[in-house]
Structures are given as C-alpha cells and as structure tokens.
Amino acid sequence: MFQPVPLFVGLRYSLAREHSFFVSFITWVSLLGVAVGVMALITVLSVMNGLESELRTRLLSLTAHASLSARGAAILDWQARIKQLQGAPGLLGAAHFSIPTPC
C-alpha cells in the first residue's frame with residue numbers, strides 16, 4: 001500500500017509507544033499549537049475582513065462622491081453652480097463647503 005512520507009513520519013512520531021513518551025508528547029503539543037495558531041489566524045482574518053467592509057461602507061457614506069474645486073481661487077458663483085446641478089439626474093444633494101486657508 002502506498003503511504004505518503006509526511007503521513008508516515010507524522011504517524012510514526014505521534015503514535016510512538018516504546019520508551020519515547022517525550023517525543024510523542026512534544027509532537028502532540030506541537031500539533032495542538034499549530035491548530036490553535038491556524039484557528040486564531042482564521043478568526044482574526046474573518047474579523048478584520050468584516051470590520052474592513054463595515055468601515056468602508058460607513059466611511060464612504062459620509063464622504064462626497066464628487067466635488068468641484070477651482071485651482072488657486074475660490075468659486076465665487078457657487079450658488080449658481082449648485083442651482084445648475086440641482087436638475088441633474090441621479091443627484092441626491094449638493095452643498096457648499098469651504099476649506100480653511102492656513103495662516
């Protein structure tokens with residue numbers, strides 16, 4: 001019967017019976033450590049993935065999808081621009097905001 005080498009070595013050390021309790025104990029502790037580590041990694045990745053999607057949806061709902069700006073100067077006729085945009089299809093709202101200039 002064909003038996004893969006890793007399986008053969010693993011079974012040899014995990015099922016050791018004669019005078020090698022220490023080797024068997026270390027093998028089982030190592031297997032348990034790897035299992036706990038993989039479980040923790042899967043849990044953390046799942047939590048972070050859910051947290052990332054939740055943060056993305058909440059943060060993107062707070063930011064504007066488009067903004068108009070002028071280079072070097074303020075848009076002086078912003079009221080007229082907002083009135084022009086009010087009739088655009090798919091537009092839910094338009095508002096003026098200003099960025100404070102550094103002193």
# chains A, B, ... in the order shown; residues from 1 in each chain; ligands from 1

call {"tool": "residues_around", "arguments": {"residues": "Ala94 (chain A)", "least_positions_apart": "6", "cutoff": "8 Å", "atoms": "only C-alpha atoms", "output": "PyMOL selection string"}}
result
chain A and resi 82+85-86

call {"tool": "select_by_dssp", "arguments": {"residues": "chain A", "states": "alpha helix (DSSP H)", "output": "count of residues only"}}
result
60

call {"tool": "closest_residue", "arguments": {"among": "A:Ala80, A:Val38, A:Ala74, A:Leu31", "to": "Gly10 (chain A)", "atoms": "only C-alpha atoms"}}
result
A:Leu31

call {"tool": "residues_around", "arguments": {"residues": "region 57-68 of chain A", "least_positions_apart": "6", "cutoff": "12 Å", "atoms": "only C-alpha atoms", "output": "list in words"}}
result
Gly50, Leu51, Ala74, Ile75, Trp78, Arg81, Ile82, Leu85, Gly90, Leu91, Leu92, Gly93, Ala94, Ala95, His96, Phe97 and Ser98 of chain A

call {"tool": "decode", "arguments": {"residues": "region 56-78 of chain A", "atoms": "N, CA, C and O atoms", "output": "mmCIF file, in the first residue's frame"}}
result
data_model
loop_
_atom_site.group_PDB
_atom_site.id
_atom_site.type_symbol
_atom_site.label_atom_id
_atom_site.label_comp_id
_atom_site.auth_asym_id
_atom_site.auth_seq_id
_atom_site.Cartn_x
_atom_site.Cartn_y
_atom_site.Cartn_z
ATOM 1 N N ARG A 56 -15.647 50.515 5.525
ATOM 2 C CA ARG A 56 -15.713 51.084 4.173
ATOM 3 C C ARG A 56 -17.107 51.606 3.872
ATOM 4 O O ARG A 56 -17.256 52.714 3.352
ATOM 5 N N THR A 57 -18.138 50.837 4.208
ATOM 6 C CA THR A 57 -19.491 51.303 3.909
ATOM 7 C C THR A 57 -19.862 52.511 4.765
ATOM 8 O O THR A 57 -20.491 53.440 4.275
ATOM 9 N N ARG A 58 -19.443 52.510 6.026
ATOM 10 C CA ARG A 58 -19.795 53.651 6.884
ATOM 11 C C ARG A 58 -19.011 54.904 6.526
ATOM 12 O O ARG A 58 -19.545 56.007 6.554
ATOM 13 N N LEU A 59 -17.730 54.757 6.208
ATOM 14 C CA LEU A 59 -16.932 55.935 5.871
ATOM 15 C C LEU A 59 -17.287 56.486 4.496
ATOM 16 O O LEU A 59 -17.297 57.699 4.291
ATOM 17 N N LEU A 60 -17.571 55.613 3.533
ATOM 18 C CA LEU A 60 -17.938 56.099 2.209
ATOM 19 C C LEU A 60 -19.303 56.765 2.209
ATOM 20 O O LEU A 60 -19.574 57.606 1.355
ATOM 21 N N SER A 61 -20.150 56.407 3.144
ATOM 22 C CA SER A 61 -21.453 57.066 3.197
ATOM 23 C C SER A 61 -21.325 58.495 3.736
ATOM 24 O O SER A 61 -22.221 59.308 3.547
ATOM 25 N N LEU A 62 -20.211 58.805 4.386
ATOM 26 C CA LEU A 62 -20.009 60.149 4.938
ATOM 27 C C LEU A 62 -19.285 61.092 3.985
ATOM 28 O O LEU A 62 -19.314 62.293 4.180
ATOM 29 N N THR A 63 -18.608 60.559 2.995
ATOM 30 C CA THR A 63 -17.837 61.411 2.087
ATOM 31 C C THR A 63 -18.606 61.674 0.808
ATOM 32 O O THR A 63 -19.471 60.901 0.403
ATOM 33 N N ALA A 64 -18.264 62.774 0.172
ATOM 34 C CA ALA A 64 -18.903 63.136 -1.087
ATOM 35 C C ALA A 64 -18.360 62.265 -2.214
ATOM 36 O O ALA A 64 -17.194 61.898 -2.233
ATOM 37 N N HIS A 65 -19.229 61.935 -3.149
ATOM 38 C CA HIS A 65 -18.800 61.140 -4.290
ATOM 39 C C HIS A 65 -18.151 62.005 -5.359
ATOM 40 O O HIS A 65 -17.408 61.509 -6.193
ATOM 41 N N ALA A 66 -18.421 63.285 -5.319
ATOM 42 C CA ALA A 66 -17.807 64.211 -6.273
ATOM 43 C C ALA A 66 -17.708 65.580 -5.621
ATOM 44 O O ALA A 66 -18.519 65.949 -4.777
ATOM 45 N N SER A 67 -16.694 66.327 -6.007
ATOM 46 C CA SER A 67 -16.571 67.693 -5.513
ATOM 47 C C SER A 67 -15.981 68.554 -6.619
ATOM 48 O O SER A 67 -15.182 68.095 -7.420
ATOM 49 N N LEU A 68 -16.424 69.778 -6.654
ATOM 50 C CA LEU A 68 -15.923 70.758 -7.626
ATOM 51 C C LEU A 68 -14.960 71.687 -6.918
ATOM 52 O O LEU A 68 -15.209 72.126 -5.801
ATOM 53 N N SER A 69 -13.854 71.966 -7.570
ATOM 54 C CA SER A 69 -12.907 72.910 -6.991
ATOM 55 C C SER A 69 -12.226 73.688 -8.104
ATOM 56 O O SER A 69 -12.159 73.244 -9.246
ATOM 57 N N ALA A 70 -11.749 74.855 -7.748
ATOM 58 C CA ALA A 70 -11.028 75.697 -8.693
ATOM 59 C C ALA A 70 -9.580 75.781 -8.242
ATOM 60 O O ALA A 70 -9.285 75.783 -7.048
ATOM 61 N N ARG A 71 -8.679 75.855 -9.193
ATOM 62 C CA ARG A 71 -7.257 75.930 -8.852
ATOM 63 C C ARG A 71 -6.882 77.336 -8.416
ATOM 64 O O ARG A 71 -7.068 78.295 -9.153
ATOM 65 N N GLY A 72 -6.350 77.429 -7.214
ATOM 66 C CA GLY A 72 -5.792 78.691 -6.753
ATOM 67 C C GLY A 72 -6.783 79.721 -6.270
ATOM 68 O O GLY A 72 -6.411 80.646 -5.569
ATOM 69 N N ALA A 73 -8.042 79.614 -6.634
ATOM 70 C CA ALA A 73 -9.011 80.633 -6.227
ATOM 71 C C ALA A 73 -10.324 79.951 -5.859
ATOM 72 O O ALA A 73 -10.591 78.825 -6.257
ATOM 73 N N ALA A 74 -11.116 80.645 -5.109
ATOM 74 C CA ALA A 74 -12.420 80.116 -4.710
ATOM 75 C C ALA A 74 -13.413 80.265 -5.855
ATOM 76 O O ALA A 74 -13.268 81.139 -6.715
ATOM 77 N N ILE A 75 -14.414 79.411 -5.861
ATOM 78 C CA ILE A 75 -15.503 79.549 -6.832
ATOM 79 C C ILE A 75 -16.452 80.599 -6.279
ATOM 80 O O ILE A 75 -17.101 80.395 -5.252
ATOM 81 N N LEU A 76 -16.491 81.730 -6.945
ATOM 82 C CA LEU A 76 -17.254 82.856 -6.418
ATOM 83 C C LEU A 76 -18.751 82.712 -6.665
ATOM 84 O O LEU A 76 -19.560 83.154 -5.851
ATOM 85 N N ASP A 77 -19.142 82.096 -7.759
ATOM 86 C CA ASP A 77 -20.570 81.957 -8.066
ATOM 87 C C ASP A 77 -21.073 80.549 -7.726
ATOM 88 O O ASP A 77 -21.729 79.902 -8.519
ATOM 89 N N TRP A 78 -20.790 80.094 -6.521
ATOM 90 C CA TRP A 78 -21.146 78.730 -6.137
ATOM 91 C C TRP A 78 -22.645 78.520 -6.022
ATOM 92 O O TRP A 78 -23.142 77.430 -6.238
#
